[in-house]
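What follows is the content of target-v3.cif, which has mmCIF, C-alpha atoms and all ligand atoms:
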data_query
loop_
_atom_site.group_PDB
_atom_site.id
_atom_site.type_symbol
_atom_site.label_atom_id
_atom_site.label_comp_id
_atom_site.auth_asym_id
_atom_site.auth_seq_id
_atom_site.Cartn_x
_atom_site.Cartn_y
_atom_site.Cartn_z
ATOM 1 C CA MET A 6 77.046 -53.275 -52.435
ATOM 2 C CA ILE A 7 77.086 -56.810 -53.898
ATOM 3 C CA PRO A 8 76.432 -59.404 -51.178
ATOM 4 C CA GLN A 9 79.583 -61.342 -50.279
ATOM 5 C CA LYS A 10 77.526 -64.546 -50.420
ATOM 6 C CA LEU A 11 76.756 -63.941 -54.094
ATOM 7 C CA ILE A 12 80.423 -63.281 -54.842
ATOM 8 C CA GLN A 13 81.443 -66.431 -52.997
ATOM 9 C CA HIS A 14 78.849 -68.446 -54.909
ATOM 10 C CA CYS A 15 80.092 -67.084 -58.258
ATOM 11 C CA ASN A 16 83.701 -67.719 -57.284
ATOM 12 C CA GLU A 17 82.859 -71.339 -56.495
ATOM 13 C CA ARG A 18 81.463 -71.673 -60.015
ATOM 14 C CA ILE A 19 84.547 -70.199 -61.646
ATOM 15 C CA ALA A 20 86.977 -72.167 -59.443
ATOM 16 C CA PRO A 21 87.406 -75.138 -61.877
ATOM 17 C CA TYR A 22 88.546 -72.751 -64.647
ATOM 18 C CA PRO A 23 92.074 -71.398 -65.069
ATOM 19 C CA CYS A 24 91.337 -67.982 -63.571
ATOM 20 C CA GLU A 25 92.960 -66.124 -60.697
ATOM 21 C CA GLY A 26 92.187 -63.251 -58.314
ATOM 22 C CA PHE A 27 89.075 -61.149 -58.002
ATOM 23 C CA VAL A 28 88.571 -57.465 -58.774
ATOM 24 C CA TYR A 29 85.549 -55.564 -57.470
ATOM 25 C CA GLY A 30 83.715 -53.030 -59.621
ATOM 26 C CA LYS A 31 84.504 -49.475 -58.479
ATOM 27 C CA GLY A 32 83.074 -45.989 -58.652
ATOM 28 C CA SER A 33 79.969 -43.926 -58.053
ATOM 29 C CA ALA A 34 76.843 -45.428 -56.466
ATOM 30 C CA SER A 35 74.731 -43.376 -58.915
ATOM 31 C CA PRO A 36 76.943 -43.371 -61.977
ATOM 32 C CA VAL A 37 76.501 -41.187 -65.043
ATOM 33 C CA LEU A 38 78.007 -44.085 -67.001
ATOM 34 C CA MET A 39 78.660 -47.726 -66.221
ATOM 35 C CA PHE A 40 81.667 -48.996 -68.188
ATOM 36 C CA VAL A 41 81.758 -52.759 -68.680
ATOM 37 C CA GLY A 42 85.051 -54.316 -69.756
ATOM 38 C CA GLU A 43 86.080 -57.913 -70.394
ATOM 39 C CA ALA A 44 88.159 -59.257 -67.492
ATOM 40 C CA PRO A 45 91.010 -57.958 -65.345
ATOM 41 C CA GLY A 46 94.635 -58.564 -66.271
ATOM 42 C CA GLU A 47 97.750 -59.142 -64.208
ATOM 43 C CA THR A 48 98.081 -55.574 -62.902
ATOM 44 C CA GLU A 49 94.441 -55.389 -61.801
ATOM 45 C CA ILE A 50 94.497 -58.613 -59.811
ATOM 46 C CA HIS A 51 97.561 -57.381 -57.945
ATOM 47 C CA ASN A 52 96.269 -53.925 -57.021
ATOM 48 C CA GLY A 53 92.480 -54.537 -57.171
ATOM 49 C CA ILE A 54 91.841 -51.459 -59.339
ATOM 50 C CA PRO A 55 89.902 -52.074 -62.576
ATOM 51 C CA PHE A 56 91.646 -50.749 -65.672
ATOM 52 C CA SER A 57 94.915 -49.877 -63.988
ATOM 53 C CA GLY A 58 97.300 -51.692 -66.373
ATOM 54 C CA ARG A 59 98.246 -50.811 -69.949
ATOM 55 C CA ALA A 60 94.648 -50.742 -71.207
ATOM 56 C CA GLY A 61 93.859 -48.666 -68.132
ATOM 57 C CA GLN A 62 96.130 -45.865 -69.337
ATOM 58 C CA TYR A 63 93.987 -45.705 -72.454
ATOM 59 C CA PHE A 64 90.836 -45.899 -70.391
ATOM 60 C CA ASN A 65 92.004 -42.889 -68.343
ATOM 61 C CA GLY A 66 92.354 -41.071 -71.671
ATOM 62 C CA PHE A 67 88.717 -41.968 -72.483
ATOM 63 C CA LEU A 68 87.617 -40.372 -69.206
ATOM 64 C CA GLN A 69 89.684 -37.266 -69.917
ATOM 65 C CA GLU A 70 88.074 -36.865 -73.328
ATOM 66 C CA LEU A 71 84.665 -37.176 -71.658
ATOM 67 C CA GLU A 72 85.698 -34.725 -68.922
ATOM 68 C CA LEU A 73 84.716 -37.257 -66.279
ATOM 69 C CA THR A 74 86.578 -38.773 -63.349
ATOM 70 C CA ARG A 75 86.419 -42.282 -61.901
ATOM 71 C CA ASP A 76 84.196 -40.855 -59.150
ATOM 72 C CA ASP A 77 81.532 -39.898 -61.724
ATOM 73 C CA VAL A 78 81.333 -43.360 -63.279
ATOM 74 C CA TYR A 79 81.306 -47.033 -62.319
ATOM 75 C CA VAL A 80 83.879 -49.381 -63.826
ATOM 76 C CA THR A 81 83.302 -53.110 -63.925
ATOM 77 C CA SER A 82 83.824 -56.118 -66.175
ATOM 78 C CA THR A 83 82.101 -59.193 -67.564
ATOM 79 C CA VAL A 84 84.342 -61.560 -65.587
ATOM 80 C CA ARG A 85 86.017 -60.420 -62.367
ATOM 81 C CA SER A 86 88.905 -62.876 -62.236
ATOM 82 C CA ARG A 87 91.814 -63.032 -64.644
ATOM 83 C CA PRO A 88 91.475 -65.820 -67.213
ATOM 84 C CA TYR A 89 94.988 -66.993 -68.058
ATOM 85 C CA LYS A 90 96.857 -69.487 -70.171
ATOM 86 C CA TRP A 91 100.420 -70.698 -69.761
ATOM 87 C CA GLY A 92 102.966 -69.797 -72.376
ATOM 88 C CA GLN A 93 106.723 -69.989 -72.791
ATOM 89 C CA PRO A 94 108.362 -67.747 -75.350
ATOM 90 C CA LYS A 95 111.644 -69.173 -76.712
ATOM 91 C CA GLY A 96 114.478 -68.868 -74.216
ATOM 92 C CA ARG A 97 112.230 -67.316 -71.575
ATOM 93 C CA GLU A 98 110.518 -68.554 -68.442
ATOM 94 C CA LYS A 99 107.089 -70.139 -68.517
ATOM 95 C CA ARG A 100 104.477 -67.569 -67.501
ATOM 96 C CA LYS A 101 100.776 -66.762 -67.484
ATOM 97 C CA TYR A 102 99.188 -64.764 -70.281
ATOM 98 C CA ASN A 103 95.813 -63.063 -70.325
ATOM 99 C CA ARG A 104 93.155 -64.649 -72.523
ATOM 100 C CA THR A 105 89.544 -63.945 -73.483
ATOM 101 C CA PRO A 106 87.088 -65.505 -70.991
ATOM 102 C CA ASN A 107 85.092 -68.510 -72.211
ATOM 103 C CA GLN A 108 81.301 -68.949 -71.915
ATOM 104 C CA GLY A 109 81.565 -70.981 -68.698
ATOM 105 C CA GLU A 110 83.600 -68.261 -67.015
ATOM 106 C CA ILE A 111 81.262 -65.539 -68.267
ATOM 107 C CA ALA A 112 78.220 -67.422 -66.935
ATOM 108 C CA ALA A 113 79.953 -68.137 -63.607
ATOM 109 C CA HIS A 114 80.346 -64.427 -62.885
ATOM 110 C CA ALA A 115 77.205 -63.244 -64.706
ATOM 111 C CA PRO A 116 75.094 -62.835 -61.520
ATOM 112 C CA ILE A 117 77.579 -60.246 -60.225
ATOM 113 C CA LEU A 118 77.160 -57.979 -63.250
ATOM 114 C CA ASP A 119 73.382 -58.609 -63.182
ATOM 115 C CA ALA A 120 73.255 -57.485 -59.537
ATOM 116 C CA GLU A 121 75.412 -54.405 -60.185
ATOM 117 C CA ILE A 122 73.158 -53.225 -62.999
ATOM 118 C CA GLU A 123 69.999 -53.800 -60.959
ATOM 119 C CA CYS A 124 71.409 -52.138 -57.877
ATOM 120 C CA LEU A 125 73.095 -49.110 -59.485
ATOM 121 C CA GLN A 126 70.527 -48.410 -62.210
ATOM 122 C CA PRO A 127 73.146 -46.604 -64.306
ATOM 123 C CA ARG A 128 71.951 -43.729 -66.457
ATOM 124 C CA MET A 129 73.813 -45.231 -69.408
ATOM 125 C CA ILE A 130 75.785 -48.450 -69.954
ATOM 126 C CA VAL A 131 78.958 -48.458 -72.047
ATOM 127 C CA PRO A 132 79.993 -51.981 -73.071
ATOM 128 C CA MET A 133 83.663 -51.863 -74.081
ATOM 129 C CA GLY A 134 84.549 -54.493 -76.651
ATOM 130 C CA ARG A 135 82.951 -57.641 -78.003
ATOM 131 C CA THR A 136 82.885 -59.731 -74.799
ATOM 132 C CA ALA A 137 80.919 -57.099 -72.855
ATOM 133 C CA TYR A 138 78.677 -56.343 -75.829
ATOM 134 C CA GLN A 139 77.719 -59.996 -76.389
ATOM 135 C CA ARG A 140 77.196 -60.586 -72.671
ATOM 136 C CA LEU A 141 74.755 -57.675 -72.447
ATOM 137 C CA VAL A 142 73.092 -57.597 -75.865
ATOM 138 C CA GLY A 143 73.858 -61.007 -77.428
ATOM 139 C CA GLY A 144 74.329 -61.644 -81.142
ATOM 140 C CA ALA A 145 77.601 -61.713 -83.011
ATOM 141 C CA PRO A 146 77.912 -58.275 -84.535
ATOM 142 C CA ARG A 147 80.933 -56.695 -86.140
ATOM 143 C CA MET A 148 82.133 -54.173 -83.568
ATOM 144 C CA ALA A 149 82.621 -51.633 -86.359
ATOM 145 C CA GLU A 150 78.846 -51.692 -86.891
ATOM 146 C CA VAL A 151 77.673 -51.279 -83.302
ATOM 147 C CA THR A 152 80.278 -48.999 -81.735
ATOM 148 C CA GLY A 153 79.576 -45.283 -81.507
ATOM 149 C CA HIS A 154 75.773 -45.601 -81.712
ATOM 150 C CA LEU A 155 73.308 -44.976 -78.906
ATOM 151 C CA VAL A 156 70.575 -47.620 -78.605
ATOM 152 C CA THR A 157 67.915 -48.158 -75.970
ATOM 153 C CA SER A 158 67.720 -51.808 -75.103
ATOM 154 C CA PRO A 159 67.066 -54.255 -72.299
ATOM 155 C CA VAL A 160 70.140 -56.187 -71.178
ATOM 156 C CA LEU A 161 70.610 -59.927 -70.838
ATOM 157 C CA ARG A 162 70.811 -61.546 -67.426
ATOM 158 C CA LEU A 163 71.709 -65.123 -66.563
ATOM 159 C CA ASP A 164 68.591 -67.272 -66.475
ATOM 160 C CA ASP A 165 69.975 -70.751 -65.944
ATOM 161 C CA TRP A 166 73.519 -71.636 -64.969
ATOM 162 C CA GLU A 167 73.259 -75.291 -66.044
ATOM 163 C CA THR A 168 72.330 -74.439 -69.631
ATOM 164 C CA ARG A 169 74.113 -71.061 -69.605
ATOM 165 C CA SER A 170 71.025 -69.409 -70.954
ATOM 166 C CA TYR A 171 70.213 -65.734 -70.613
ATOM 167 C CA THR A 172 66.961 -63.808 -70.662
ATOM 168 C CA TRP A 173 66.129 -60.132 -71.164
ATOM 169 C CA ALA A 174 65.824 -58.251 -67.866
ATOM 170 C CA PRO A 175 62.678 -56.046 -67.764
ATOM 171 C CA ALA A 176 64.369 -52.601 -67.626
ATOM 172 C CA THR A 177 65.747 -50.844 -70.694
ATOM 173 C CA TYR A 178 68.895 -48.734 -70.675
ATOM 174 C CA PRO A 179 70.577 -46.334 -73.045
ATOM 175 C CA LEU A 180 73.574 -48.314 -74.283
ATOM 176 C CA PHE A 181 76.569 -46.827 -76.044
ATOM 177 C CA PRO A 182 79.016 -49.558 -77.133
ATOM 178 C CA ILE A 183 82.636 -48.571 -77.781
ATOM 179 C CA TYR A 184 85.845 -50.445 -78.571
ATOM 180 C CA HIS A 185 87.742 -51.944 -75.662
ATOM 181 C CA PRO A 186 90.636 -49.650 -74.674
ATOM 182 C CA ALA A 187 93.101 -52.487 -75.392
ATOM 183 C CA ALA A 188 91.885 -52.575 -79.017
ATOM 184 C CA ALA A 189 93.730 -49.343 -79.716
ATOM 185 C CA LEU A 190 96.923 -50.876 -78.301
ATOM 186 C CA TYR A 191 96.773 -53.633 -80.905
ATOM 187 C CA LYS A 192 95.335 -51.607 -83.787
ATOM 188 C CA ARG A 193 96.407 -47.976 -83.837
ATOM 189 C CA SER A 194 94.153 -47.300 -86.834
ATOM 190 C CA LEU A 195 91.138 -47.515 -84.487
ATOM 191 C CA GLU A 196 92.238 -44.401 -82.613
ATOM 192 C CA ALA A 197 90.372 -41.980 -84.885
ATOM 193 C CA ASP A 198 87.112 -43.986 -84.611
ATOM 194 C CA ILE A 199 87.472 -44.234 -80.848
ATOM 195 C CA SER A 200 87.961 -40.493 -80.623
ATOM 196 C CA ASP A 201 84.844 -39.882 -82.772
ATOM 197 C CA HIS A 202 82.825 -42.285 -80.613
ATOM 198 C CA LEU A 203 83.894 -40.539 -77.423
ATOM 199 C CA ALA A 204 82.962 -37.157 -78.903
ATOM 200 C CA THR A 205 79.495 -38.523 -79.783
ATOM 201 C CA LEU A 206 79.113 -40.009 -76.308
ATOM 202 C CA LYS A 207 80.064 -36.657 -74.763
ATOM 203 C CA GLN A 208 77.380 -34.942 -76.809
ATOM 204 C CA HIS A 209 74.784 -37.440 -75.577
ATOM 205 C CA LEU A 210 75.869 -36.782 -72.012
ATOM 206 C CA MET A 211 75.442 -33.057 -72.460
ATOM 207 C CA SER A 212 72.044 -33.218 -74.175
HETATM 208 N N1 LIG B 1 90.433 -55.206 -69.252
HETATM 209 C C1 LIG B 1 89.258 -55.227 -68.610
HETATM 210 O O1 LIG B 1 88.253 -55.532 -69.212
HETATM 211 N N2 LIG B 1 89.241 -54.861 -67.330
HETATM 212 C C2 LIG B 1 90.325 -54.484 -66.654
HETATM 213 O O2 LIG B 1 90.233 -54.146 -65.473
HETATM 214 C C3 LIG B 1 91.535 -54.473 -67.357
HETATM 215 C C4 LIG B 1 91.572 -54.829 -68.647
#
Here is the file; what I need is its structure written in the form of structure tokens.
Ligand code: URA
Amino acid sequence: MIPQKLIQHCNERIAPYPCEGFVYGKGSASPVLMFVGEAPGETEIHNGIPFSGRAGQYFNGFLQELELTRDDVYVTSTVRSRPYKWGQPKGREKRKYNRTPNQGEIAAHAPILDAEIECLQPRMIVPMGRTAYQRLVGGAPRMAEVTGHLVTSPVLRLDDWETRSYTWAPATYPLFPIYHPAAALYKRSLEADISDHLATLKQHLMS
């Protein structure tokens, strides 16, 4: 769906950064929902399946609550390689840890997400977490304020790689931001909000 040349071009831009692997977006070609995450982790870059690690277990729970399968939706992320940093816990071996992608990495892979949105024309976009939200809508909101609310908005697309500037693409989409599935792993108290948000999203899908 996304031209290999575009992917190669984006991968050349991300090459100087400490990132590894590449995970393709997956799912329906005419998705009910397009879920946009942050970046793949270790599990995903080994098996190539988005949201297949620990956060993925939670994500599968999201789909169950929505009564949808991975074939009904499209799952992608802001950055398609795994941003890592080296760490060495006391007495253990040095190893790579996941980290949040930086602005250079986000801009390097931005044309891939831009192309996916333009090509798939999803009926609704669900940014999961702050990285996806800021990439698509900009600003620096508190996630507690924007999650669980349906808005109709254009989305940002990369305008200029050199200056890392974005511009609003002409089309508008219904957007329903939610917490990233990993957020519930770190903060169990979010579970009730997440469940409420998914119930609201399900209602929107049915109406
Ligand atoms: N987080 C993401 O944003 N995407 C994945 O595939 C896994 C974790």
task = List all protein, DNA and RNA residues that have any atom at most 9 Å from ligand LIG 1 (chain B), counting all atoms listed in the file, and write the list as a VMD selection string.
result = chain A and resid 28 30 41 to 50 53 to 61 80 to 85 87 133 to 134 136 to 137 185 to 187
Residues of the last selection are to be written out with C-alpha atoms, as a short mmCIF file (atom, residue, chain, number, x, y, z; two decimals), in the coordinates of the input.
data_model
loop_
_atom_site.label_atom_id
_atom_site.label_comp_id
_atom_site.auth_asym_id
_atom_site.auth_seq_id
_atom_site.Cartn_x
_atom_site.Cartn_y
_atom_site.Cartn_z
CA VAL A 28 88.57 -57.46 -58.77
CA GLY A 30 83.72 -53.03 -59.62
CA VAL A 41 81.76 -52.76 -68.68
CA GLY A 42 85.05 -54.32 -69.76
CA GLU A 43 86.08 -57.91 -70.39
CA ALA A 44 88.16 -59.26 -67.49
CA PRO A 45 91.01 -57.96 -65.34
CA GLY A 46 94.64 -58.56 -66.27
CA GLU A 47 97.75 -59.14 -64.21
CA THR A 48 98.08 -55.57 -62.90
CA GLU A 49 94.44 -55.39 -61.80
CA ILE A 50 94.50 -58.61 -59.81
CA GLY A 53 92.48 -54.54 -57.17
CA ILE A 54 91.84 -51.46 -59.34
CA PRO A 55 89.90 -52.07 -62.58
CA PHE A 56 91.65 -50.75 -65.67
CA SER A 57 94.92 -49.88 -63.99
CA GLY A 58 97.30 -51.69 -66.37
CA ARG A 59 98.25 -50.81 -69.95
CA ALA A 60 94.65 -50.74 -71.21
CA GLY A 61 93.86 -48.67 -68.13
CA VAL A 80 83.88 -49.38 -63.83
CA THR A 81 83.30 -53.11 -63.92
CA SER A 82 83.82 -56.12 -66.18
CA THR A 83 82.10 -59.19 -67.56
CA VAL A 84 84.34 -61.56 -65.59
CA ARG A 85 86.02 -60.42 -62.37
CA ARG A 87 91.81 -63.03 -64.64
CA MET A 133 83.66 -51.86 -74.08
CA GLY A 134 84.55 -54.49 -76.65
CA THR A 136 82.88 -59.73 -74.80
CA ALA A 137 80.92 -57.10 -72.86
CA HIS A 185 87.74 -51.94 -75.66
CA PRO A 186 90.64 -49.65 -74.67
CA ALA A 187 93.10 -52.49 -75.39
#
Give me the residues of region 24-136 of chain A that have any atom at most 10 Å from an atom of region 151-157 of chain A; for each, the nearest atom pair and the distance in Å, rounded to one decimal. Use all atoms listed in the file, sort by chain and number, and format it as JSON lines.
{"residue": "A:Met129", "atom": "CA", "partner": "A:Thr157", "partner_atom": "CA", "distance": 9.3}
{"residue": "A:Ile130", "atom": "CA", "partner": "A:Thr157", "partner_atom": "CA", "distance": 9.9}
{"residue": "A:Val131", "atom": "CA", "partner": "A:Leu155", "partner_atom": "CA", "distance": 9.5}
{"residue": "A:Pro132", "atom": "CA", "partner": "A:Thr152", "partner_atom": "CA", "distance": 9.2}
{"residue": "A:Met133", "atom": "CA", "partner": "A:Thr152", "partner_atom": "CA", "distance": 8.8}
{"residue": "A:Gly134", "atom": "CA", "partner": "A:Thr152", "partner_atom": "CA", "distance": 8.6}
{"residue": "A:Arg135", "atom": "CA", "partner": "A:Thr152", "partner_atom": "CA", "distance": 9.8}
Next, write the just-selected residues to a file, as a PDB file, in the coordinates of the input, keeping C-alpha atoms as the atom set.
ATOM      1  CA  MET A 129      73.813 -45.231 -69.408  1.00  0.00           C
ATOM      2  CA  ILE A 130      75.785 -48.450 -69.954  1.00  0.00           C
ATOM      3  CA  VAL A 131      78.958 -48.458 -72.047  1.00  0.00           C
ATOM      4  CA  PRO A 132      79.993 -51.981 -73.071  1.00  0.00           C
ATOM      5  CA  MET A 133      83.663 -51.863 -74.081  1.00  0.00           C
ATOM      6  CA  GLY A 134      84.549 -54.493 -76.651  1.00  0.00           C
ATOM      7  CA  ARG A 135      82.951 -57.641 -78.003  1.00  0.00           C
TER       8      ARG A 135
END
inquiry  = When you look at Glu196 (chain A) with a cut-off of 10 Å (counting all atoms listed in the file), what residues show up, excluding the ones that are within fewer than 6 positions of it in the same chain? I need them as number ranges by chain.
reply    = A: 184, 186, 188-190, 202
message = If we draw a sphere of 9 Å around (74.5, -71.1, -63.5), which residues have at least one atom in it when counting only C-alpha atoms? Please report them as a list of chain:residue names.
response =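 With a cut-off of 9 Å, the residues come to A:Cys15, A:Arg18, A:Gly109, A:Ala112, A:Ala113, A:His114, A:Ala115, A:Pro116, A:Leu163, A:Asp164, A:Asp165, A:Trp166, A:Glu167, A:Thr168, A:Arg169, A:Ser170.
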Applying the PyMOL selection byres (((chain A and resi 121) around 12) and not hetatm) to the file I just gave you, which residues come out? Please list them as a PDB file with C-alpha atoms, in the frame of the given file.
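Wrote it out as part.pdb, contents follow:
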ATOM      1  CA  MET A   6      77.046 -53.275 -52.435  1.00  0.00           C
ATOM      2  CA  ILE A   7      77.086 -56.810 -53.898  1.00  0.00           C
ATOM      3  CA  PRO A   8      76.432 -59.404 -51.178  1.00  0.00           C
ATOM      4  CA  LEU A  11      76.756 -63.941 -54.094  1.00  0.00           C
ATOM      5  CA  ILE A  12      80.423 -63.281 -54.842  1.00  0.00           C
ATOM      6  CA  TYR A  29      85.549 -55.564 -57.470  1.00  0.00           C
ATOM      7  CA  GLY A  30      83.715 -53.030 -59.621  1.00  0.00           C
ATOM      8  CA  LYS A  31      84.504 -49.475 -58.479  1.00  0.00           C
ATOM      9  CA  GLY A  32      83.074 -45.989 -58.652  1.00  0.00           C
ATOM     10  CA  SER A  33      79.969 -43.926 -58.053  1.00  0.00           C
ATOM     11  CA  ALA A  34      76.843 -45.428 -56.466  1.00  0.00           C
ATOM     12  CA  SER A  35      74.731 -43.376 -58.915  1.00  0.00           C
ATOM     13  CA  PRO A  36      76.943 -43.371 -61.977  1.00  0.00           C
ATOM     14  CA  MET A  39      78.660 -47.726 -66.221  1.00  0.00           C
ATOM     15  CA  PHE A  40      81.667 -48.996 -68.188  1.00  0.00           C
ATOM     16  CA  VAL A  41      81.758 -52.759 -68.680  1.00  0.00           C
ATOM     17  CA  TYR A  79      81.306 -47.033 -62.319  1.00  0.00           C
ATOM     18  CA  VAL A  80      83.879 -49.381 -63.826  1.00  0.00           C
ATOM     19  CA  THR A  81      83.302 -53.110 -63.925  1.00  0.00           C
ATOM     20  CA  SER A  82      83.824 -56.118 -66.175  1.00  0.00           C
ATOM     21  CA  THR A  83      82.101 -59.193 -67.564  1.00  0.00           C
ATOM     22  CA  HIS A 114      80.346 -64.427 -62.885  1.00  0.00           C
ATOM     23  CA  ALA A 115      77.205 -63.244 -64.706  1.00  0.00           C
ATOM     24  CA  PRO A 116      75.094 -62.835 -61.520  1.00  0.00           C
ATOM     25  CA  ILE A 117      77.579 -60.246 -60.225  1.00  0.00           C
ATOM     26  CA  LEU A 118      77.160 -57.979 -63.250  1.00  0.00           C
ATOM     27  CA  ASP A 119      73.382 -58.609 -63.182  1.00  0.00           C
ATOM     28  CA  ALA A 120      73.255 -57.485 -59.537  1.00  0.00           C
ATOM     29  CA  ILE A 122      73.158 -53.225 -62.999  1.00  0.00           C
ATOM     30  CA  GLU A 123      69.999 -53.800 -60.959  1.00  0.00           C
ATOM     31  CA  CYS A 124      71.409 -52.138 -57.877  1.00  0.00           C
ATOM     32  CA  LEU A 125      73.095 -49.110 -59.485  1.00  0.00           C
ATOM     33  CA  GLN A 126      70.527 -48.410 -62.210  1.00  0.00           C
ATOM     34  CA  PRO A 127      73.146 -46.604 -64.306  1.00  0.00           C
ATOM     35  CA  ILE A 130      75.785 -48.450 -69.954  1.00  0.00           C
ATOM     36  CA  ARG A 162      70.811 -61.546 -67.426  1.00  0.00           C
TER      37      ARG A 162
END
inquiry  = Could you tell me how far CA of Lys207 (chain A) sits from CA of Arg128 (chain A), in Å to one decimal place?
reply    =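 So the answer is 13.6 Å.
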ask   = In Å to one decimal, how far is CA of Arg140 (chain A) from CA of Ala176 (chain A)?
value =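 Calculated distance between CA of Ala176 (chain A) and CA of Arg140 (chain A) is 15.9 Å.
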message = Just checking: using all atoms listed in the file, which residue out of A:Phe27, A:Gln139, A:Thr205, A:Val78 ends up closest to Ile111 (chain A)?
response =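 Closest candidate: A:Gln139.
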task = Calculate how many Å separate CA of Ile19 (chain A) from CA of Pro182 (chain A), rounding to one decimal.
result =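 These atoms are spaced 26.4 Å apart.
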ask   = How would you write, as a PyMOL selection string, the residues chosen by the PyMOL selection byres (((chain A and resi 68) around 12) and not hetatm) on this structure?
value = chain A and resi 37-40+56+61-67+69-80+186+200+203-204+206-207
Would you compute the box with edges along x, y and z of the file around region 110-128 of chain A, including every atom the file lists for it and 5 Å extra on each side, and give its centre and edge lengths in Å to one decimal, as lines of an AutoDock Vina configuration file?
center_x = 76.8
center_y = -56.0
center_z = -63.1
size_x = 23.6
size_y = 34.5
size_z = 20.4
Using the chain letters and numbers from the file, give me the residues hit by the PyMOL selection byres (((chain A and resi 89-92) around 9) and not hetatm), as a compact mmCIF listing (two decimals) with C-alpha atoms, in the coordinates of the input.
# COMPACT_ATOMS: atom_id res chain seq x y z
CA PRO A 23 92.07 -71.40 -65.07
CA CYS A 24 91.34 -67.98 -63.57
CA GLU A 25 92.96 -66.12 -60.70
CA GLY A 46 94.64 -58.56 -66.27
CA ARG A 87 91.81 -63.03 -64.64
CA PRO A 88 91.48 -65.82 -67.21
CA GLN A 93 106.72 -69.99 -72.79
CA PRO A 94 108.36 -67.75 -75.35
CA GLU A 98 110.52 -68.55 -68.44
CA LYS A 99 107.09 -70.14 -68.52
CA ARG A 100 104.48 -67.57 -67.50
CA LYS A 101 100.78 -66.76 -67.48
CA TYR A 102 99.19 -64.76 -70.28
CA ASN A 103 95.81 -63.06 -70.32
CA ARG A 104 93.16 -64.65 -72.52
CA THR A 105 89.54 -63.94 -73.48
CA PRO A 106 87.09 -65.50 -70.99
ask   = If we count only C-alpha atoms, what is near Leu161 (chain A) at a cut-off of 7 Å, once residues fewer than 5 positions away on the same chain are taken out, given as a ChimeraX atom specification?
value = /A:140-142,171-174
